[in-house]
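*Asks:* What follows is input_12.txt; its format and atoms are compact mmCIF, C-alpha atoms and all ligand atoms.
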# COMPACT_ATOMS: atom_id res chain seq x y z
CA MET N 241 23.73 225.13 38.33
CA GLU N 242 24.06 224.00 41.94
CA THR N 243 26.31 226.34 43.95
CA ARG N 244 26.74 223.86 46.86
CA ILE N 245 26.54 226.89 49.17
CA GLU N 246 23.43 227.01 51.33
CA HIS N 247 22.65 230.71 51.00
CA LEU N 248 23.89 231.26 47.44
CA HIS N 249 21.47 230.49 44.62
CA ALA N 250 22.30 230.45 40.91
CA LEU N 251 19.49 231.94 38.82
CA GLU N 252 19.65 231.38 35.07
CA LEU N 253 18.17 234.23 33.03
CA PRO N 254 17.66 234.53 29.27
CA THR N 255 19.64 237.00 27.15
CA PRO N 256 19.13 237.88 23.47
CA PHE N 257 22.87 237.43 22.85
CA PRO N 258 24.80 234.55 21.20
CA VAL N 259 26.42 233.75 24.57
CA GLY N 260 23.05 232.33 25.71
CA PRO N 261 21.63 232.59 29.23
CA ILE N 262 23.42 234.36 32.06
CA THR N 263 23.75 233.09 35.61
CA VAL N 264 23.17 235.65 38.36
CA PHE N 265 23.51 234.80 42.05
CA LEU N 266 21.13 235.50 44.90
CA ALA N 267 22.71 235.60 48.37
CA ASP N 268 20.09 235.36 51.12
CA ALA N 269 21.94 234.60 54.36
CA PRO N 270 20.06 235.84 57.44
CA GLY N 271 21.45 238.98 59.07
CA GLU N 272 23.02 240.16 55.83
CA PRO N 273 21.77 242.50 53.09
CA LEU N 274 19.86 240.51 50.48
CA THR N 275 22.23 240.59 47.52
CA LEU N 276 22.06 239.95 43.80
CA VAL N 277 25.36 239.39 41.98
CA ASP N 278 24.83 240.65 38.40
CA THR N 279 21.38 241.25 36.94
CA GLY N 280 20.97 240.16 33.33
CA PRO N 281 20.30 242.52 30.42
CA LEU N 282 17.49 245.05 30.15
CA THR N 283 14.75 243.02 28.44
CA HIS N 284 11.18 242.27 29.54
CA LYS N 285 11.82 238.56 29.27
CA THR N 286 14.90 238.73 31.51
CA MET N 287 13.05 240.79 34.12
CA ALA N 288 10.04 238.45 34.07
CA THR N 289 12.30 235.41 34.50
CA LEU N 290 14.17 237.08 37.36
CA GLU N 291 10.90 237.99 39.10
CA ALA N 292 9.71 234.39 38.79
CA ALA N 293 13.05 233.11 40.14
CA LEU N 294 12.94 235.49 43.12
CA ALA N 295 9.32 234.51 43.80
CA ARG N 296 10.45 230.90 44.35
CA TYR N 297 12.31 232.23 47.42
CA GLY N 298 9.32 234.31 48.50
CA LEU N 299 11.08 237.44 47.26
CA ALA N 300 10.55 240.27 44.78
CA PRO N 301 12.90 242.90 43.28
CA ARG N 302 11.78 245.39 45.96
CA HIS N 303 13.42 243.22 48.65
CA LEU N 304 16.94 243.54 47.21
CA GLU N 305 19.40 245.49 49.37
CA ARG N 306 22.67 245.13 47.45
CA ILE N 307 23.44 244.64 43.77
CA LEU N 308 27.03 243.64 43.04
CA LEU N 309 28.13 244.03 39.42
CA THR N 310 31.13 241.90 38.42
CA HIS N 311 31.87 243.97 35.30
CA GLY N 312 30.17 246.49 33.06
CA HIS N 313 28.92 244.36 30.16
CA VAL N 314 25.22 244.84 29.47
CA ASP N 315 24.30 241.17 29.94
CA HIS N 316 25.54 241.53 33.54
CA VAL N 317 24.32 245.02 34.47
CA GLY N 318 21.35 245.87 32.24
CA LEU N 319 18.61 245.54 34.87
CA ALA N 320 20.58 247.18 37.70
CA ALA N 321 18.90 250.59 37.34
CA ASP N 322 15.37 249.15 37.34
CA LEU N 323 16.12 246.84 40.27
CA ALA N 324 17.76 249.65 42.26
CA ALA N 325 14.79 251.92 41.53
CA ALA N 326 12.36 249.24 42.72
CA SER N 327 14.28 248.42 45.89
CA GLY N 328 16.66 251.22 46.85
CA ALA N 329 19.42 248.60 46.79
CA GLN N 330 23.00 249.83 46.90
CA VAL N 331 24.89 249.16 43.68
CA ILE N 332 28.50 248.04 44.11
CA SER N 333 31.18 247.54 41.45
CA HIS N 334 34.85 248.05 40.64
CA PRO N 335 35.83 251.75 40.31
CA TRP N 336 36.76 251.33 36.63
CA ASN N 337 33.14 250.43 35.80
CA VAL N 338 31.62 253.51 37.42
CA PRO N 339 31.68 256.06 34.54
CA ALA N 340 30.06 253.63 32.06
CA LEU N 341 27.54 252.33 34.62
CA GLU N 342 26.51 255.86 35.55
CA GLY N 343 26.09 256.83 31.89
CA ASP N 344 28.75 259.53 32.08
CA ALA N 345 28.46 261.57 28.86
CA GLY N 346 32.22 262.04 28.56
CA GLU N 347 32.78 258.30 28.94
CA ARG N 348 30.32 257.51 26.16
CA GLU N 349 31.76 260.14 23.83
CA GLY N 350 35.28 258.93 24.52
CA ARG N 351 34.27 255.32 23.98
CA VAL N 352 32.60 255.99 20.61
CA ALA N 353 35.67 257.96 19.44
CA PHE N 354 38.00 255.24 20.74
CA TYR N 355 36.26 252.46 18.81
CA ALA N 356 36.06 254.55 15.63
CA ARG N 357 39.84 255.08 15.88
CA ILE N 358 40.50 251.40 16.62
CA LEU N 359 38.50 250.34 13.55
CA ARG N 360 40.23 252.90 11.30
CA GLN N 361 43.67 251.83 12.51
CA ALA N 362 42.66 248.21 11.94
CA GLY N 363 41.93 249.09 8.31
CA VAL N 364 38.26 248.11 8.45
CA PRO N 365 36.53 249.29 5.23
CA GLY N 366 34.17 252.27 5.62
CA GLY N 367 30.78 250.53 5.31
CA ILE N 368 31.75 247.72 7.66
CA GLU N 369 33.30 250.20 10.10
CA GLN N 370 29.95 251.98 10.31
CA ALA N 371 27.97 248.75 10.82
CA VAL N 372 30.36 247.57 13.54
CA GLY N 373 30.20 250.99 15.23
CA GLN N 374 26.40 250.85 15.21
CA ALA N 375 26.34 247.27 16.55
CA THR N 376 28.57 248.16 19.51
CA ALA N 377 26.61 251.37 20.22
CA ALA N 378 23.34 249.40 20.10
CA MET N 379 24.51 247.43 23.16
CA ASP N 380 23.80 250.55 25.24
CA GLY N 381 20.09 249.86 24.61
CA PHE N 382 20.31 246.79 26.88
CA MET N 383 21.06 248.81 30.00
CA ARG N 384 19.96 251.94 31.81
CA PRO N 385 22.49 254.10 33.69
CA VAL N 386 22.60 253.46 37.43
CA ALA N 387 24.24 255.30 40.34
CA VAL N 388 27.01 253.27 41.98
CA GLY N 389 26.79 253.58 45.77
CA ALA N 390 30.06 251.89 46.70
CA THR N 391 33.12 250.44 45.01
CA VAL N 392 35.18 247.34 45.75
CA ASP N 393 38.70 246.61 44.61
CA GLU N 394 41.52 244.10 44.95
CA GLY N 395 42.04 243.06 48.57
CA ASP N 396 38.60 244.04 49.83
CA VAL N 397 36.55 241.45 51.68
CA LEU N 398 32.80 241.09 51.18
CA ARG N 399 30.40 239.17 53.36
CA LEU N 400 28.08 237.24 51.08
CA ALA N 401 25.92 234.16 51.65
CA GLY N 402 27.21 234.02 55.24
CA LEU N 403 30.83 233.68 54.06
CA GLU N 404 33.86 235.93 53.63
CA TRP N 405 34.82 236.55 50.01
CA GLN N 406 38.04 238.11 48.85
CA VAL N 407 37.70 240.55 45.94
CA LEU N 408 40.12 239.80 43.08
CA HIS N 409 40.61 242.37 40.35
CA THR N 410 41.10 240.17 37.28
CA PRO N 411 41.20 242.44 34.21
CA GLY N 412 41.18 241.04 30.67
CA HIS N 413 37.69 240.11 29.48
CA ALA N 414 36.79 243.53 30.88
CA GLY N 415 39.17 245.98 32.55
CA GLY N 416 36.97 246.35 35.62
CA LEU N 417 36.15 242.66 36.07
CA ILE N 418 36.18 241.26 39.60
CA CYS N 419 36.04 237.67 40.81
CA LEU N 420 35.16 236.68 44.38
CA TYR N 421 37.10 233.97 46.21
CA GLU N 422 35.94 232.10 49.29
CA ALA N 423 38.96 230.35 50.76
CA ALA N 424 37.31 227.96 53.25
CA GLY N 425 35.12 226.31 50.62
CA ARG N 426 37.67 227.06 47.82
CA THR N 427 34.95 228.58 45.65
CA LEU N 428 35.56 231.19 42.97
CA LEU N 429 32.73 233.30 41.60
CA SER N 430 34.45 233.73 38.25
CA SER N 431 31.98 235.86 36.27
CA ASP N 432 33.15 235.90 32.62
CA HIS N 433 36.81 235.53 33.56
CA LEU N 434 36.49 231.74 33.31
CA LEU N 435 33.76 230.06 31.27
CA ALA N 436 33.56 226.31 30.75
CA GLY N 437 32.46 226.23 27.12
CA ILE N 438 33.58 229.56 25.68
CA SER N 439 36.94 231.25 25.37
CA SER N 440 36.24 234.66 26.96
CA ASN N 441 36.86 237.47 24.49
CA PRO N 442 39.62 239.88 25.59
CA VAL N 443 37.43 242.84 24.64
CA VAL N 444 39.49 245.82 23.48
CA GLU N 445 38.45 248.81 25.61
CA PRO N 446 39.21 252.51 26.02
CA PRO N 447 41.86 253.26 28.67
CA PRO N 448 40.61 252.81 32.25
CA PRO N 449 39.57 256.02 34.05
CA GLY N 450 42.60 258.21 34.73
CA ARG N 451 44.90 256.41 32.30
CA ASP N 452 46.13 257.36 28.84
CA GLU N 453 46.83 253.94 27.35
CA ARG N 454 44.40 251.12 26.71
CA LEU N 455 45.08 247.84 28.49
CA LEU N 456 46.59 245.11 26.33
CA SER N 457 43.45 243.11 27.02
CA LEU N 458 44.68 239.66 26.01
CA ALA N 459 48.06 240.11 27.71
CA VAL N 460 46.47 241.14 31.03
CA TYR N 461 43.82 238.46 30.55
CA GLN N 462 46.48 235.77 30.36
CA ASP N 463 48.11 237.15 33.53
CA SER N 464 44.72 237.06 35.28
CA LEU N 465 44.15 233.48 34.05
CA GLN N 466 47.49 232.36 35.44
CA ARG N 467 46.68 234.06 38.69
CA VAL N 468 43.48 232.08 39.29
CA ALA N 469 45.11 228.86 38.02
CA ALA N 470 47.67 229.19 40.82
CA MET N 471 44.98 229.60 43.49
CA ASP N 472 43.43 226.76 45.44
CA VAL N 473 40.02 226.59 43.74
CA ALA N 474 37.84 223.51 44.03
CA ARG N 475 34.99 224.96 42.03
CA ALA N 476 34.43 228.03 39.90
CA LEU N 477 30.90 229.35 39.41
CA PRO N 478 30.88 231.33 36.15
CA GLY N 479 28.53 233.93 34.68
CA HIS N 480 27.50 231.64 31.82
CA GLY N 481 27.27 227.85 31.60
CA PRO N 482 28.19 225.04 33.98
CA ALA N 483 30.46 225.09 37.05
CA ILE N 484 34.18 224.45 36.50
CA ASP N 485 35.89 221.79 38.63
CA ASP N 486 39.35 221.84 37.06
CA VAL N 487 40.45 225.47 36.91
CA PRO N 488 44.17 224.83 36.14
CA GLY N 489 43.18 222.41 33.36
CA LEU N 490 40.78 224.92 31.82
CA VAL N 491 43.36 227.72 32.04
CA ALA N 492 45.95 225.49 30.35
CA ARG N 493 43.49 224.82 27.50
CA ARG N 494 42.72 228.53 27.10
CA LEU N 495 46.42 229.46 27.01
CA ALA N 496 47.08 226.71 24.45
CA PHE N 497 44.18 228.03 22.36
CA HIS N 498 45.72 231.51 22.32
CA ARG N 499 49.15 230.11 21.35
CA TYR N 500 47.43 228.34 18.46
CA ARG N 501 45.69 231.57 17.44
CA VAL N 502 48.95 233.55 17.64
CA ALA N 503 50.45 231.00 15.22
CA ALA N 504 47.44 231.43 12.92
CA VAL N 505 47.92 235.22 12.99
CA VAL N 506 51.60 234.79 12.07
CA GLY N 507 50.50 232.46 9.26
CA ALA N 508 48.08 235.08 7.92
CA LEU N 509 50.81 237.76 7.99
CA ARG N 510 53.21 235.39 6.24
CA ALA N 511 50.53 234.77 3.59
CA GLY N 512 50.36 238.49 2.86
CA ALA N 513 47.93 240.06 5.35
CA ARG N 514 49.06 243.62 6.09
CA THR N 515 46.42 245.14 8.36
CA THR N 516 44.54 243.95 11.43
CA TRP N 517 41.46 243.75 9.19
CA ASP N 518 43.33 241.54 6.67
CA VAL N 519 44.21 239.17 9.50
CA THR N 520 40.63 239.20 10.81
CA GLN N 521 39.31 238.39 7.33
CA ALA N 522 41.79 235.54 6.96
CA LEU N 523 40.89 234.00 10.33
CA PHE N 524 37.19 234.84 10.63
CA PRO N 525 35.60 235.47 7.22
CA GLY N 526 31.97 236.53 6.80
CA ARG N 527 30.63 237.60 10.18
CA THR N 528 27.79 239.70 11.57
CA PRO N 529 28.85 243.21 12.66
CA MET N 530 28.93 242.33 16.38
CA ASP N 531 30.87 239.12 15.73
CA THR N 532 33.19 241.13 13.52
CA PHE N 533 33.87 243.46 16.43
CA LEU N 534 34.65 240.53 18.74
CA ALA N 535 36.86 238.94 16.05
CA ILE N 536 38.80 242.20 15.58
CA SER N 537 39.07 242.51 19.35
CA GLU N 538 40.63 239.06 19.60
CA VAL N 539 43.00 239.63 16.67
CA ILE N 540 44.14 242.90 18.28
CA GLY N 541 44.91 240.86 21.41
CA HIS N 542 47.11 238.46 19.47
CA LEU N 543 48.82 241.26 17.54
CA ASP N 544 49.47 243.02 20.89
CA LEU N 545 51.24 239.88 22.14
CA LEU N 546 53.32 239.56 18.96
CA GLU N 547 54.26 243.25 19.02
CA ARG N 548 55.21 243.08 22.69
CA GLU N 549 57.45 240.10 21.94
CA GLY N 550 59.06 241.97 19.03
CA ARG N 551 57.80 239.41 16.50
CA ILE N 552 55.87 242.01 14.49
CA ALA N 553 56.35 245.74 14.05
CA VAL N 554 54.48 248.63 12.52
CA ASP N 555 55.70 249.06 8.95
CA ASP N 556 56.40 252.78 8.49
CA GLU N 557 58.43 252.22 5.33
CA ASP N 558 55.67 251.06 2.99
CA GLU N 559 55.52 253.77 0.29
CA ASN N 560 51.94 252.84 -0.67
CA GLY N 561 50.91 253.46 2.93
CA GLY N 562 47.70 252.26 4.49
CA GLY N 563 45.90 255.57 4.95
CA ASP N 564 44.83 255.58 8.61
CA ALA N 565 45.37 251.83 8.80
CA VAL N 566 48.40 250.49 10.61
CA LEU N 567 50.44 248.11 8.43
CA TRP N 568 52.18 245.22 10.14
CA ARG N 569 55.36 243.46 9.15
CA LEU N 570 56.79 240.26 10.52
CA VAL N 571 60.15 240.55 12.24
CA GLU N 572 61.95 237.36 11.31
CA PRO N 573 64.52 236.24 13.86
CA GLU N 574 68.10 236.82 12.75
CA ILE N 575 70.08 233.64 13.06
CA SER N 576 73.76 234.11 12.60
CA PRO N 577 75.45 231.11 10.94
CA ALA N 578 78.57 231.77 13.01
CA GLY N 579 76.63 231.88 16.28
ZN ZN E 1 31.25 240.01 29.83
Once you've parsed the file, please lay out its structure as structure tokens.
*Replies:*
Amino acid sequence: METRIEHLHALELPTPFPVGPITVFLADAPGEPLTLVDTGPLTHKTMATLEAALARYGLAPRHLERILLTHGHVDHVGLAADLAAASGAQVISHPWNVPALEGDAGEREGRVAFYARILRQAGVPGGIEQAVGQATAAMDGFMRPVAVGATVDEGDVLRLAGLEWQVLHTPGHAGGLICLYEAAGRTLLSSDHLLAGISSNPVVEPPPPGRDERLLSLAVYQDSLQRVAAMDVARALPGHGPAIDDVPGLVARRLAFHRYRVAAVVGALRAGARTTWDVTQALFPGRTPMDTFLAISEVIGHLDLLEREGRIAVDDEDENGGGDAVLWRLVEPEISPAG
């Protein structure tokens, strides 16, 4: 991918994940700390490819001075610890990513318990619940904990590639996801918030640090999508795949996709699905454990929207009960013949 910015270079690195390669960005403007935006996952192949890419600019990992992490997913942060150890670079990210990045034991414990509860409430059968739990926990093997030296949040300005970038906190795909916006050139570094070929999963997450309730990931994701669609962006440079020239058009397609999926969820409930797992099975049958997690995550997003709109409700009346599983019922609109 061509960034069309002189001192910003897109480096494509392999990942072992279905999403395919990741794009990280090297910013090498003179008089500015040499910066890498995202790192790729912790694999030998990714590190070797990154070293080869840096070598084309006469650089090595030890030259890095700043590592900016757009969100906490392992494909974006996995090599940060090794790169920081090799270089002494300062690691920067959104405050919500800090506990997970630093390998905080309480965060990990809380996260494992959170996902176990989510899967139980979704009504996922025992064996599958275990496999999904193991698949999500295995993702931790693609990163090493790293100390975060500084945080950036909404409204901050970063100098990068010789330009001023505004930090946008755009939660949804991940709670702590940031985009960077450069107004003069109308460029958005969109990370996984906007991807050309993939509908970003609104990954269900434990509550952000200091909060009691989880974010309604898809609901906040749609708000964050509308936010960037309303901005003056000529070109978005994403974390995977090609650059995006028509941001409002892409956002409109993503929102339409989610409306379609909401209708499919309603259809599944109408056809007799009772639990989140029933709906997931109806929409996405026969998946690998990790895909199952992402499918459940997306279905939870659509159920969140329907519940918030009052179109579904938790069914407390069912005498058979669902054990730990939450049972849903459709709330049909009441249309008065007189009205
Ligand atoms: Zn991600």
*Asks:* Between CA of Asp486 in chain N and CA of Arg244 in chain N, what distance in Å does the model show, to one decimal?
*Replies:*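 If I compute the distance from CA of Asp486 in chain N to CA of Arg244 in chain N, I get 16.1 Å.
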*Asks:* List all protein, DNA and RNA residues that have any atom at most 8 Å from ligand ZN 1 (chain E), counting only C-alpha atoms and all ligand atoms, and write the list as a PDB file with C-alpha atoms, in the frame of the given file.
*Replies:*
ATOM      1  CA  HIS N 311      31.870 243.970  35.300  1.00  0.00           C
ATOM      2  CA  GLY N 312      30.170 246.490  33.060  1.00  0.00           C
ATOM      3  CA  HIS N 313      28.920 244.360  30.160  1.00  0.00           C
ATOM      4  CA  VAL N 314      25.220 244.840  29.470  1.00  0.00           C
ATOM      5  CA  ASP N 315      24.300 241.170  29.940  1.00  0.00           C
ATOM      6  CA  HIS N 316      25.540 241.530  33.540  1.00  0.00           C
ATOM      7  CA  HIS N 413      37.690 240.110  29.480  1.00  0.00           C
ATOM      8  CA  ALA N 414      36.790 243.530  30.880  1.00  0.00           C
ATOM      9  CA  SER N 431      31.980 235.860  36.270  1.00  0.00           C
ATOM     10  CA  ASP N 432      33.150 235.900  32.620  1.00  0.00           C
ATOM     11  CA  SER N 440      36.240 234.660  26.960  1.00  0.00           C
TER      12      SER N 440
END
*Asks:* Pick out the closest residue to Gly381 in chain N from this set: N:Leu282, N:Val505, N:Ala321, N:Leu456. Count only C-alpha atoms.
*Replies:*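 Checking each candidate against Gly381 in chain N, we get N:Leu282 as the closest.
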*Asks:* Might you pull out every residue within 7 Å of Ile552 in chain N, with only C-alpha atoms counted and same-chain residues fewer than 6 positions away left off, and present them as JSON, numbers by chain?
*Replies:* {"N": [546, 568, 569, 570, 571]}
*Asks:* Can you check which parts of range 533-573 of chain N lie within 8 Å of range 442-446 of chain N? Per residue, the shortest pair of atoms and distance in Å to one decimal, counting all atoms listed in the file, sorted by chain and number, as a tab-separated table.
*Replies:*
residue	atom	partner	partner_atom	distance
N:Leu534	CA	N:Val443	CA	6.9
N:Ser537	CA	N:Val444	CA	5.3
N:Glu538	CA	N:Pro442	CA	6.1
N:Ile540	CA	N:Val444	CA	7.6
N:Gly541	CA	N:Pro442	CA	6.8
*Asks:* Quick one: pull the distance between CA of Trp336 in chain N and CA of Thr376 in chain N, Å, one decimal.
*Replies:* 19.2 Å
